[in-house]
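What follows is the content of input.tsv (TSV, C-alpha atoms).
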```
chain	number	residue	atom	x	y	z
A	1	MET	CA	26.08	-2.12	-34.01
A	2	SER	CA	25.15	-2.69	-30.37
A	3	ARG	CA	27.82	-3.49	-27.82
A	4	ALA	CA	27.47	-6.82	-26.03
A	5	LYS	CA	26.65	-6.54	-22.32
A	6	ARG	CA	29.47	-7.32	-19.94
A	7	PRO	CA	28.72	-10.60	-18.13
A	8	PRO	CA	27.81	-10.24	-14.43
A	9	ALA	CA	30.66	-10.56	-11.97
A	10	ALA	CA	30.81	-13.73	-9.86
A	11	SER	CA	30.59	-11.71	-6.65
A	12	VAL	CA	31.17	-8.22	-5.27
A	13	GLU	CA	31.89	-6.78	-1.85
A	14	LEU	CA	29.72	-3.80	-0.98
A	15	ALA	CA	29.14	-1.31	1.81
A	16	ILE	CA	25.37	-0.72	2.03
A	17	THR	CA	24.56	2.96	2.50
A	18	ALA	CA	20.77	3.27	2.11
A	19	LEU	CA	17.47	1.49	1.52
A	20	ALA	CA	15.73	2.05	-1.81
A	21	ALA	CA	12.02	2.61	-2.41
A	22	GLY	CA	11.52	-0.99	-3.49
A	23	GLY	CA	13.11	-2.30	-0.29
A	24	ASP	CA	16.59	-3.27	-1.50
A	25	GLY	CA	19.77	-2.10	0.14
A	26	VAL	CA	21.95	0.15	-2.01
A	27	GLY	CA	25.74	0.10	-2.34
A	28	ARG	CA	28.37	0.91	-4.95
A	29	ASP	CA	30.83	-1.56	-6.43
A	30	GLU	CA	34.54	-0.83	-7.00
A	31	ARG	CA	33.66	1.07	-10.19
A	32	GLY	CA	31.09	3.23	-8.43
A	33	ARG	CA	28.11	1.51	-10.05
A	34	VAL	CA	24.93	1.48	-7.94
A	35	THR	CA	24.07	-2.06	-6.88
A	36	PHE	CA	20.78	-3.15	-5.31
A	37	VAL	CA	20.86	-6.05	-2.85
A	38	PRO	CA	17.71	-7.35	-1.07
A	39	ARG	CA	17.79	-8.15	2.66
A	40	THR	CA	20.64	-5.82	3.46
A	41	CYS	CA	20.73	-2.94	5.93
A	42	PRO	CA	22.47	0.47	5.88
A	43	GLY	CA	25.84	-0.04	7.55
A	44	ASP	CA	26.21	-3.65	6.41
A	45	VAL	CA	29.29	-4.81	4.55
A	46	VAL	CA	28.25	-7.74	2.37
A	47	ARG	CA	29.33	-10.12	-0.32
A	48	ALA	CA	26.73	-10.40	-3.09
A	49	ARG	CA	26.39	-12.21	-6.42
A	50	VAL	CA	25.40	-10.04	-9.38
A	51	VAL	CA	22.39	-11.42	-11.26
A	52	HIS	CA	21.74	-8.52	-13.63
A	53	ALA	CA	24.05	-5.74	-14.74
A	54	THR	CA	23.90	-2.69	-16.99
A	55	LYS	CA	26.34	0.16	-17.42
A	56	SER	CA	24.58	2.28	-14.79
A	57	PHE	CA	23.34	-0.19	-12.16
A	58	ALA	CA	23.33	-3.81	-11.07
A	59	ARG	CA	21.11	-6.15	-9.08
A	60	ALA	CA	22.60	-8.79	-6.82
A	61	ARG	CA	21.66	-11.48	-4.31
A	62	LEU	CA	23.05	-11.51	-0.81
A	63	VAL	CA	25.67	-14.22	-0.28
A	64	GLU	CA	27.10	-13.28	3.10
A	65	VAL	CA	27.03	-10.46	5.66
A	66	LEU	CA	30.70	-9.74	6.32
A	67	ALA	CA	30.03	-7.05	8.94
A	68	ALA	CA	26.55	-6.39	10.31
A	69	ALA	CA	25.17	-2.91	10.82
A	70	PRO	CA	24.08	-1.91	14.35
A	71	GLU	CA	20.52	-1.59	12.96
A	72	ARG	CA	20.45	-5.20	11.68
A	73	VAL	CA	18.17	-7.38	13.84
A	74	ASP	CA	17.18	-11.04	13.89
A	75	PRO	CA	13.88	-11.53	12.00
A	76	PRO	CA	11.24	-13.09	14.28
A	77	CYS	CA	9.38	-14.84	11.45
A	78	PRO	CA	10.69	-18.25	10.26
A	79	HIS	CA	9.05	-17.72	6.88
A	80	PHE	CA	11.10	-14.56	6.31
A	81	VAL	CA	14.26	-16.50	7.18
A	82	ARG	CA	13.26	-19.14	4.62
A	83	GLY	CA	12.89	-16.49	1.90
A	84	CYS	CA	9.27	-15.30	2.05
A	85	GLY	CA	8.83	-12.20	-0.08
A	86	GLY	CA	5.85	-10.80	1.81
A	87	CYS	CA	8.05	-8.49	3.93
A	88	GLN	CA	11.24	-6.73	2.93
A	89	TRP	CA	12.58	-5.28	6.18
A	90	GLN	CA	12.15	-7.68	9.10
A	91	HIS	CA	15.94	-7.65	9.43
A	92	VAL	CA	16.02	-3.84	9.88
A	93	ALA	CA	15.41	-2.14	13.24
A	94	ARG	CA	12.16	-0.17	13.36
A	95	SER	CA	13.90	3.18	13.85
A	96	ALA	CA	16.00	2.56	10.74
A	97	GLN	CA	12.90	1.60	8.77
A	98	LEU	CA	11.25	4.92	9.64
A	99	ALA	CA	14.40	6.88	8.82
A	100	ALA	CA	14.62	5.14	5.44
A	101	LYS	CA	10.99	5.86	4.62
A	102	HIS	CA	11.39	9.53	5.50
A	103	ALA	CA	14.48	9.73	3.28
A	104	ILE	CA	12.62	8.04	0.40
A	105	VAL	CA	9.78	10.57	0.63
A	106	CYS	CA	12.12	13.56	0.93
A	107	ASN	CA	14.15	12.41	-2.04
A	108	ALA	CA	11.08	11.87	-4.22
A	109	LEU	CA	9.57	15.28	-3.38
A	110	ARG	CA	12.83	17.28	-3.34
A	111	LYS	CA	11.93	19.38	-6.41
A	112	LEU	CA	8.79	20.84	-4.82
A	113	ALA	CA	10.03	24.21	-3.64
A	114	GLY	CA	9.02	25.29	-0.13
A	115	LEU	CA	7.57	21.92	0.85
A	116	THR	CA	7.77	20.78	4.48
A	117	VAL	CA	8.02	17.00	4.89
A	118	HIS	CA	6.94	16.16	8.42
A	119	PRO	CA	8.28	13.20	10.45
A	120	VAL	CA	6.84	9.79	9.63
A	121	ASP	CA	3.75	8.85	11.62
A	122	ASP	CA	4.10	5.37	13.14
A	123	PRO	CA	0.61	4.40	14.39
A	124	ALA	CA	0.58	0.63	13.77
A	125	PRO	CA	2.20	-2.03	15.96
A	126	ALA	CA	5.37	-3.58	14.57
A	127	TYR	CA	3.57	-6.91	14.04
A	128	HIS	CA	0.00	-8.28	14.12
A	129	TRP	CA	-1.40	-5.22	12.33
A	130	ARG	CA	-2.71	-6.61	9.04
A	131	ARG	CA	-6.51	-6.92	8.76
A	132	ARG	CA	-6.52	-7.60	5.00
A	133	ALA	CA	-4.24	-10.00	3.13
A	134	ARG	CA	-3.81	-11.98	-0.06
A	135	PHE	CA	-2.01	-15.27	-0.55
A	136	HIS	CA	-1.24	-17.62	-3.43
A	137	ILE	CA	-2.50	-21.20	-3.65
A	138	ALA	CA	-0.60	-23.90	-5.57
A	139	GLY	CA	-1.40	-27.60	-5.34
A	140	GLY	CA	-3.78	-26.85	-2.47
A	141	THR	CA	-0.96	-25.20	-0.50
A	142	VAL	CA	-1.47	-21.64	0.75
A	143	GLY	CA	1.53	-19.33	0.94
A	144	LEU	CA	3.49	-16.42	-0.46
A	145	TYR	CA	6.12	-16.32	-3.16
A	146	VAL	CA	9.74	-16.88	-2.28
A	147	GLU	CA	11.48	-13.57	-2.92
A	148	GLY	CA	12.29	-13.09	-6.60
A	149	SER	CA	10.41	-16.21	-7.74
A	150	HIS	CA	6.97	-17.72	-8.33
A	151	GLU	CA	7.61	-20.59	-5.94
A	152	VAL	CA	4.92	-20.68	-3.25
A	153	LEU	CA	6.33	-20.96	0.26
A	154	PRO	CA	3.74	-22.68	2.50
A	155	ILE	CA	2.33	-20.38	5.19
A	156	ASP	CA	-0.48	-21.25	7.59
A	157	HIS	CA	0.39	-18.59	10.19
A	158	CYS	CA	1.75	-15.08	9.58
A	159	PRO	CA	2.96	-12.71	12.33
A	160	GLN	CA	1.85	-9.70	10.28
A	161	LEU	CA	-1.82	-10.69	10.54
A	162	GLU	CA	-4.11	-9.63	13.32
A	163	PRO	CA	-4.65	-12.75	15.48
A	164	ALA	CA	-8.26	-13.22	14.35
A	165	LEU	CA	-7.24	-13.09	10.70
A	166	ASP	CA	-4.35	-15.46	11.37
A	167	ARG	CA	-6.78	-18.02	12.83
A	168	ALA	CA	-8.95	-17.74	9.74
A	169	LEU	CA	-5.90	-18.21	7.50
A	170	ALA	CA	-5.01	-21.42	9.36
A	171	ALA	CA	-8.55	-22.75	8.89
A	172	VAL	CA	-8.55	-21.99	5.17
A	173	ALA	CA	-5.06	-23.44	4.65
A	174	ALA	CA	-6.05	-26.68	6.40
A	175	ALA	CA	-9.04	-27.11	4.06
A	176	SER	CA	-6.93	-27.34	0.84
A	177	PRO	CA	-8.51	-24.47	-1.15
A	178	PRO	CA	-8.49	-24.45	-4.98
A	179	ASP	CA	-5.43	-23.09	-6.78
A	180	GLY	CA	-5.29	-19.40	-7.57
A	181	GLU	CA	-5.47	-16.43	-5.24
A	182	LEU	CA	-6.84	-16.20	-1.72
A	183	ALA	CA	-8.14	-12.98	-0.14
A	184	LEU	CA	-9.14	-12.40	3.48
A	185	VAL	CA	-10.48	-9.34	5.28
A	186	LEU	CA	-11.25	-8.84	8.97
A	187	GLY	CA	-14.18	-6.72	10.09
A	188	HIS	CA	-14.17	-4.46	13.14
A	189	ARG	CA	-16.44	-6.89	14.99
A	190	GLY	CA	-14.03	-9.80	14.49
A	191	ASP	CA	-15.77	-11.50	11.56
A	192	VAL	CA	-13.83	-12.56	8.46
A	193	ALA	CA	-14.72	-12.69	4.76
A	194	VAL	CA	-12.78	-15.07	2.49
A	195	GLY	CA	-12.43	-15.13	-1.28
A	196	VAL	CA	-11.00	-17.74	-3.66
A	197	GLN	CA	-11.09	-17.58	-7.43
A	198	ARG	CA	-12.78	-20.91	-8.18
A	199	PRO	CA	-15.79	-22.90	-6.92
A	200	TRP	CA	-14.89	-24.90	-3.82
A	201	ARG	CA	-16.86	-27.72	-2.25
A	202	SER	CA	-15.49	-27.09	1.22
A	203	ALA	CA	-16.29	-23.39	1.22
A	204	GLY	CA	-19.66	-23.73	2.92
A	205	ARG	CA	-18.19	-25.82	5.75
A	206	LEU	CA	-15.82	-22.98	6.65
A	207	VAL	CA	-18.67	-20.57	7.38
A	208	GLY	CA	-19.02	-20.27	11.15
A	209	THR	CA	-15.51	-21.54	11.92
A	210	ALA	CA	-12.55	-19.37	12.96
A	211	GLY	CA	-14.74	-16.27	12.73
A	212	ILE	CA	-15.43	-16.79	9.02
A	213	ARG	CA	-18.78	-15.21	8.15
A	214	GLY	CA	-18.75	-15.76	4.42
A	215	VAL	CA	-16.79	-17.24	1.53
A	216	LEU	CA	-16.90	-16.07	-2.08
A	217	ALA	CA	-15.69	-19.00	-4.22
A	218	GLY	CA	-15.64	-17.89	-7.83
A	219	ASP	CA	-19.24	-16.72	-8.35
A	220	ASP	CA	-20.59	-18.96	-5.58
A	221	VAL	CA	-21.63	-17.22	-2.37
A	222	HIS	CA	-21.49	-19.03	0.96
A	223	GLY	CA	-22.71	-17.17	4.04
A	224	GLU	CA	-22.20	-13.39	4.02
A	225	PRO	CA	-18.91	-12.41	2.33
A	226	VAL	CA	-19.63	-8.67	2.56
A	227	ILE	CA	-18.82	-7.47	6.08
A	228	GLU	CA	-18.55	-4.19	7.99
A	229	VAL	CA	-14.81	-3.51	7.82
A	230	GLU	CA	-15.18	-0.33	9.88
A	231	PRO	CA	-18.33	1.27	11.31
A	232	GLY	CA	-20.39	2.32	8.31
A	233	LEU	CA	-17.86	0.98	5.78
A	234	TRP	CA	-18.62	-2.34	4.06
A	235	GLY	CA	-16.50	-4.54	1.84
A	236	GLY	CA	-15.83	-8.04	0.58
A	237	PRO	CA	-12.62	-10.06	0.41
A	238	TRP	CA	-11.60	-8.68	-3.00
A	239	ASP	CA	-12.43	-5.04	-2.21
A	240	PHE	CA	-9.66	-2.63	-1.30
A	241	ALA	CA	-9.26	-1.58	2.32
A	242	GLN	CA	-6.18	-0.20	4.02
A	243	ALA	CA	-4.32	-3.12	5.57
A	244	SER	CA	-3.90	-1.63	9.05
A	245	ALA	CA	-6.83	-0.38	11.13
A	246	ALA	CA	-4.64	1.83	13.32
A	247	GLY	CA	-2.71	3.08	10.30
A	248	ASN	CA	-5.90	3.86	8.42
A	249	ALA	CA	-7.27	5.84	11.36
A	250	ARG	CA	-4.14	8.00	11.36
A	251	LEU	CA	-4.28	8.38	7.57
A	252	ILE	CA	-7.86	9.63	7.79
A	253	GLU	CA	-6.88	11.99	10.62
A	254	ARG	CA	-4.02	13.47	8.58
A	255	THR	CA	-6.14	13.78	5.44
A	256	ARG	CA	-9.04	15.56	7.09
A	257	ALA	CA	-6.62	17.90	8.90
A	258	ALA	CA	-4.89	18.71	5.60
A	259	LEU	CA	-8.25	19.41	3.98
A	260	GLY	CA	-9.78	21.40	6.79
A	261	ARG	CA	-13.45	21.63	7.73
A	262	GLY	CA	-16.36	22.56	5.49
A	263	PRO	CA	-18.77	23.86	4.53
A	264	GLY	CA	-17.99	23.71	0.86
A	265	ARG	CA	-18.26	21.49	-2.19
A	266	LEU	CA	-15.69	18.69	-2.32
A	267	LEU	CA	-14.78	16.35	-5.16
A	268	GLU	CA	-13.34	13.04	-3.95
A	269	LEU	CA	-11.70	10.95	-6.69
A	270	TYR	CA	-10.73	7.28	-6.32
A	271	ALA	CA	-13.08	7.25	-3.33
A	272	GLY	CA	-13.36	3.45	-3.10
A	273	ALA	CA	-15.99	2.27	-0.64
A	274	GLY	CA	-15.99	5.61	1.19
A	275	ASN	CA	-13.05	5.30	3.55
A	276	PHE	CA	-12.42	9.06	3.67
A	277	THR	CA	-15.92	10.10	2.63
A	278	ARG	CA	-17.41	9.40	6.06
A	279	ALA	CA	-15.00	11.81	7.74
A	280	PHE	CA	-15.47	14.54	5.13
A	281	VAL	CA	-19.24	14.46	5.68
A	282	GLU	CA	-18.69	14.71	9.44
A	283	ASP	CA	-16.55	17.79	8.78
A	284	GLY	CA	-19.38	19.54	6.96
A	285	TRP	CA	-18.42	19.00	3.29
A	286	ARG	CA	-20.90	18.37	0.50
A	287	VAL	CA	-19.16	15.48	-1.26
A	288	VAL	CA	-19.22	14.25	-4.84
A	289	ALA	CA	-17.47	10.87	-4.54
A	290	SER	CA	-16.31	8.88	-7.55
A	291	ASP	CA	-14.64	5.56	-8.30
A	292	VAL	CA	-14.56	3.17	-11.23
A	293	VAL	CA	-16.92	0.71	-9.50
A	294	ALA	CA	-19.70	1.18	-6.97
A	295	PRO	CA	-19.07	-0.01	-3.40
A	296	ALA	CA	-20.26	-3.47	-2.37
A	297	ARG	CA	-22.70	-1.69	-0.07
A	298	ALA	CA	-23.39	2.00	0.37
A	299	SER	CA	-21.69	3.60	3.36
A	300	SER	CA	-23.69	5.27	6.11
A	301	ALA	CA	-22.68	8.68	4.72
A	302	GLU	CA	-24.22	7.83	1.35
A	303	THR	CA	-27.42	6.41	2.76
A	304	SER	CA	-27.89	9.64	4.70
A	305	GLY	CA	-28.04	11.55	1.41
A	306	ALA	CA	-24.93	13.60	2.20
A	307	VAL	CA	-22.95	12.18	-0.72
A	308	GLU	CA	-23.46	12.19	-4.48
A	309	ARG	CA	-21.88	9.03	-5.97
A	310	VAL	CA	-20.60	9.09	-9.57
A	311	VAL	CA	-19.36	5.76	-10.96
A	312	GLY	CA	-16.82	5.61	-13.77
A	313	PRO	CA	-13.13	5.98	-14.65
A	314	ALA	CA	-11.64	9.03	-12.97
A	315	GLY	CA	-10.59	10.58	-16.27
A	316	ASP	CA	-14.09	10.37	-17.73
A	317	VAL	CA	-15.76	11.57	-14.55
A	318	VAL	CA	-13.58	14.60	-13.92
A	319	ALA	CA	-13.61	15.62	-17.60
A	320	ALA	CA	-17.41	15.74	-17.54
A	321	LEU	CA	-17.82	17.55	-14.22
A	322	ALA	CA	-18.50	21.25	-13.95
A	323	GLY	CA	-17.31	23.33	-11.05
A	324	PRO	CA	-17.06	25.06	-8.85
A	325	PHE	CA	-15.41	22.82	-6.27
A	326	ASP	CA	-13.81	24.32	-3.19
A	327	ALA	CA	-11.46	21.36	-2.77
A	328	VAL	CA	-10.40	18.10	-4.42
A	329	VAL	CA	-9.14	14.98	-2.64
A	330	LEU	CA	-7.63	12.15	-4.66
A	331	ASP	CA	-6.28	8.77	-3.55
A	332	PRO	CA	-5.22	7.02	-6.77
A	333	PRO	CA	-3.58	3.61	-7.17
A	334	ARG	CA	0.20	3.25	-7.33
A	335	ALA	CA	0.36	4.43	-10.96
A	336	GLY	CA	-0.83	7.87	-9.90
A	337	ALA	CA	-3.25	10.25	-11.59
A	338	ALA	CA	-1.36	11.67	-14.58
A	339	GLU	CA	-4.40	11.43	-16.86
A	340	ILE	CA	-6.57	13.71	-14.71
A	341	ILE	CA	-4.17	16.44	-13.55
A	342	GLU	CA	-5.21	18.85	-16.32
A	343	HIS	CA	-8.90	18.34	-15.53
A	344	VAL	CA	-8.40	18.78	-11.78
A	345	ALA	CA	-6.57	22.07	-12.37
A	346	ARG	CA	-9.38	23.20	-14.70
A	347	LEU	CA	-11.85	22.90	-11.83
A	348	ALA	CA	-9.73	25.50	-9.95
A	349	PRO	CA	-10.19	24.25	-6.37
A	350	ARG	CA	-8.54	26.36	-3.69
A	351	ARG	CA	-7.05	23.26	-2.08
A	352	ILE	CA	-5.99	19.82	-3.31
A	353	VAL	CA	-5.15	16.94	-0.97
A	354	TYR	CA	-3.35	14.08	-2.71
A	355	VAL	CA	-3.03	10.77	-0.84
A	356	SER	CA	-0.45	8.47	-2.38
A	357	CYS	CA	1.12	5.06	-1.81
A	358	ASP	CA	3.97	5.85	-4.25
A	359	PRO	CA	6.17	8.90	-3.58
A	360	ALA	CA	7.58	8.82	-7.12
A	361	THR	CA	4.24	9.13	-8.94
A	362	LEU	CA	3.09	11.61	-6.30
A	363	ALA	CA	6.10	13.80	-7.11
A	364	ARG	CA	5.43	13.57	-10.84
A	365	ASP	CA	1.78	14.63	-10.47
A	366	ALA	CA	2.54	17.33	-7.89
A	367	MET	CA	5.09	18.90	-10.23
A	368	ARG	CA	2.44	19.07	-12.94
A	369	LEU	CA	0.04	20.73	-10.52
A	370	ALA	CA	2.80	23.18	-9.59
A	371	GLU	CA	3.13	24.07	-13.27
A	372	ARG	CA	-0.59	24.89	-13.22
A	373	GLY	CA	-0.46	27.27	-10.28
A	374	TYR	CA	-0.51	25.08	-7.18
A	375	ARG	CA	2.01	25.20	-4.35
A	376	ALA	CA	2.85	22.10	-2.34
A	377	ASP	CA	2.85	23.19	1.33
A	378	ASP	CA	3.10	20.13	3.57
A	379	ALA	CA	3.60	16.38	3.27
A	380	TRP	CA	2.79	13.89	6.03
A	381	PRO	CA	4.23	10.39	5.57
A	382	VAL	CA	2.26	7.67	7.38
A	383	ASP	CA	3.69	4.19	7.85
A	384	LEU	CA	0.71	1.84	7.64
A	385	MET	CA	2.79	-1.27	6.89
A	386	PRO	CA	5.73	-1.96	9.25
A	387	GLN	CA	8.42	-4.41	8.10
A	388	THR	CA	7.77	-3.44	4.47
A	389	SER	CA	9.06	-0.66	2.24
A	390	HIS	CA	5.56	0.75	1.64
A	391	ILE	CA	4.75	4.28	2.75
A	392	GLU	CA	1.66	6.48	2.39
A	393	VAL	CA	1.94	10.25	1.95
A	394	VAL	CA	-0.69	12.96	2.42
A	395	LEU	CA	0.29	16.04	0.39
A	396	ARG	CA	-1.51	19.39	0.62
A	397	LEU	CA	-1.41	21.82	-2.31
A	398	THR	CA	-2.98	25.27	-2.37
A	399	SER	CA	-3.80	27.60	-5.20
A	400	ALA	CA	-1.06	30.15	-5.69
```

Whole structure given in structure tokens:
Amino acid sequence: MSRAKRPPAASVELAITALAAGGDGVGRDERGRVTFVPRTCPGDVVRARVVHATKSFARARLVEVLAAAPERVDPPCPHFVRGCGGCQWQHVARSAQLAAKHAIVCNALRKLAGLTVHPVDDPAPAYHWRRRARFHIAGGTVGLYVEGSHEVLPIDHCPQLEPALDRALAAVAAASPPDGELALVLGHRGDVAVGVQRPWRSAGRLVGTAGIRGVLAGDDVHGEPVIEVEPGLWGGPWDFAQASAAGNARLIERTRAALGRGPGRLLELYAGAGNFTRAFVEDGWRVVASDVVAPARASSAETSGAVERVVGPAGDVVAALAGPFDAVVLDPPRAGAAEIIEHVARLAPRRIVYVSCDPATLARDAMRLAERGYRADDAWPVDLMPQTSHIEVVLRLTSA
């Protein structure tokens, strides 16, 4: 017979001691139970209302800051103050954000013996760094969800966006786009590609305004919605690209330094449109690049004949490949690469460079590689997304 759950307490008083990977502040109630509270800062003393409780942890909503931490700052964005869930940490000083991200990475990777976790790289400006963004549309209103809900908070300007992308957002929002999702991406020349999920009569009229070069509305194409995001790298509004140009440049720099220069044969998994591939070719590698879909347009590295492209799920591709490969680079989605670890180890590369946006799944996969004879040497955290809890990590493993 199961025991009934204890009903949540009306409110609790907590001292916040850390920031968790998902962005919430962490404290312990009077019984020592871990409690997660959004929009709190290490050093805060707060009153919070418990909204979900188990024996081992609880989740709560902030009611009142009783004593503010020295690292608590006034958020500059009115949307954040009104509850926008697009950022988690506008109320936390930048130095405290970086310290929290370093602690999150160190904690996740703590079981990898001998690993050096380097200080967090901070290449992007605190605001106005985002060149790619997605928004929700409800009733013709563009916005982001209120934290913890599916209520769309209207947003026609966002301080996280690069100014050119912010102008395009304002133009799209004013034109009452169809309900669904909205995607925008800014190219290095200042042009913008826009995507909405349904046909839209006004889409064609947006082309040529606010830097908008093309709109993809459902299956309807208006203008040119595939743009040059970076020199030699093309993409559309729905294609993945790192959100920060400056952050992406540092991520590429760290990844190519971790890999080292060619010559040699390199397998690049989850290669996307070729974000890293261009640099690897410059460094003298012969690259086999794979992703589940082909890029919207071949990169300059591929058109030069320096890259062999293999399209398909990573598990199928790597299971069918024969070595030898001198090195493997993988940049999987947040869920990690558990299904291919055995196949990667079978190829017996001397070096593996794993780029991850989730320290927890990175740790899981790195431990499995360690069990198969690889030693994790160095980890470089890179903060591409200030004011959020997201962190990228470049991890180098070598054959033991």

The residues within 6 Å of (-13.2, -22.2, 6.8), using only C-alpha atoms and the coordinates of the file, should be reported as a PDB file with C-alpha atoms, in the frame of the given file; which are they?
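And here is the file that came out, part.pdb:
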```pdb
ATOM      1  CA  ALA A 171      -8.550 -22.750   8.890  1.00  0.00           C
ATOM      2  CA  VAL A 172      -8.550 -21.990   5.170  1.00  0.00           C
ATOM      3  CA  LEU A 206     -15.820 -22.980   6.650  1.00  0.00           C
ATOM      4  CA  VAL A 207     -18.670 -20.570   7.380  1.00  0.00           C
ATOM      5  CA  THR A 209     -15.510 -21.540  11.920  1.00  0.00           C
TER       6      THR A 209
END
```

Straight-line distance linking atom CA of Pro38 of chain A with atom CA of Leu161 of chain A, stated in Å to one decimal = 23.0 Å

Determine, counting all atoms listed in the file, which protein, DNA and RNA residues have an atom within 9 Å of an atom of Gln242 of chain A; residues of the same chain fewer than 6 positions away are not included. Present the result as an mmCIF file with C-alpha atoms, in the frame of the given file.
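Final file, part_19.cif:
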```cif
data_model
loop_
_atom_site.group_PDB
_atom_site.id
_atom_site.type_symbol
_atom_site.label_atom_id
_atom_site.label_comp_id
_atom_site.auth_asym_id
_atom_site.auth_seq_id
_atom_site.Cartn_x
_atom_site.Cartn_y
_atom_site.Cartn_z
ATOM 1 C CA ARG A 130 -2.710 -6.610 9.040
ATOM 2 C CA ARG A 131 -6.510 -6.920 8.760
ATOM 3 C CA ARG A 132 -6.520 -7.600 5.000
ATOM 4 C CA ASN A 248 -5.900 3.860 8.420
ATOM 5 C CA ASN A 275 -13.050 5.300 3.550
ATOM 6 C CA LEU A 384 0.710 1.840 7.640
#
```

key: Residues within 12 Å of Glu371 of chain A, all atoms listed in the file, excluding chain neighbours under 2 positions, as an MDAnalysis selection string   = chainID A and resid 112:113 341:342 345 364:369 373:376 399:400

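Distances from A:Asp378, A:Glu224, A:Asp383, A:Asp74 to Thr398 of chain A were compared using all atoms listed in the file, and the smallest one belongs to A:Asp378.
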
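Going from atom CA of Thr277 of chain A over to atom CA of Ala243 of chain A, you cover 17.8 Å.
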
request  = Please indicate the distance in Å from atom CA of Ser202 of chain A to atom CA of Asp179 of chain A, rounded to one decimal place.
outcome  = 13.5 Å

If I put a ball of radius 9 Å at (-9.6, 6.8, -16.5) in the file's coordinates, which residues poke into it when counting only C-alpha atoms, written as a compact mmCIF listing (two decimals) with C-alpha atoms, keeping the file's coordinate frame?
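Saved file point03.txt follows:
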```txt
# COMPACT_ATOMS: atom_id res chain seq x y z
CA VAL A 292 -14.56 3.17 -11.23
CA GLY A 312 -16.82 5.61 -13.77
CA PRO A 313 -13.13 5.98 -14.65
CA ALA A 314 -11.64 9.03 -12.97
CA GLY A 315 -10.59 10.58 -16.27
CA ASP A 316 -14.09 10.37 -17.73
CA VAL A 317 -15.76 11.57 -14.55
CA ALA A 337 -3.25 10.25 -11.59
CA GLU A 339 -4.40 11.43 -16.86
CA ILE A 340 -6.57 13.71 -14.71
```

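Using all atoms listed in the file for every distance, the candidate list A:Asp358, A:Glu308, A:Glu268, A:Glu147 yields A:Glu147 as the residue closest to Asp24 of chain A.
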
task = Have a look at A:Tyr145, A:Leu251, A:Val63, A:Gly32 and name the one nearest to Val51 of chain A; count all atoms listed in the file.
result = A:Val63
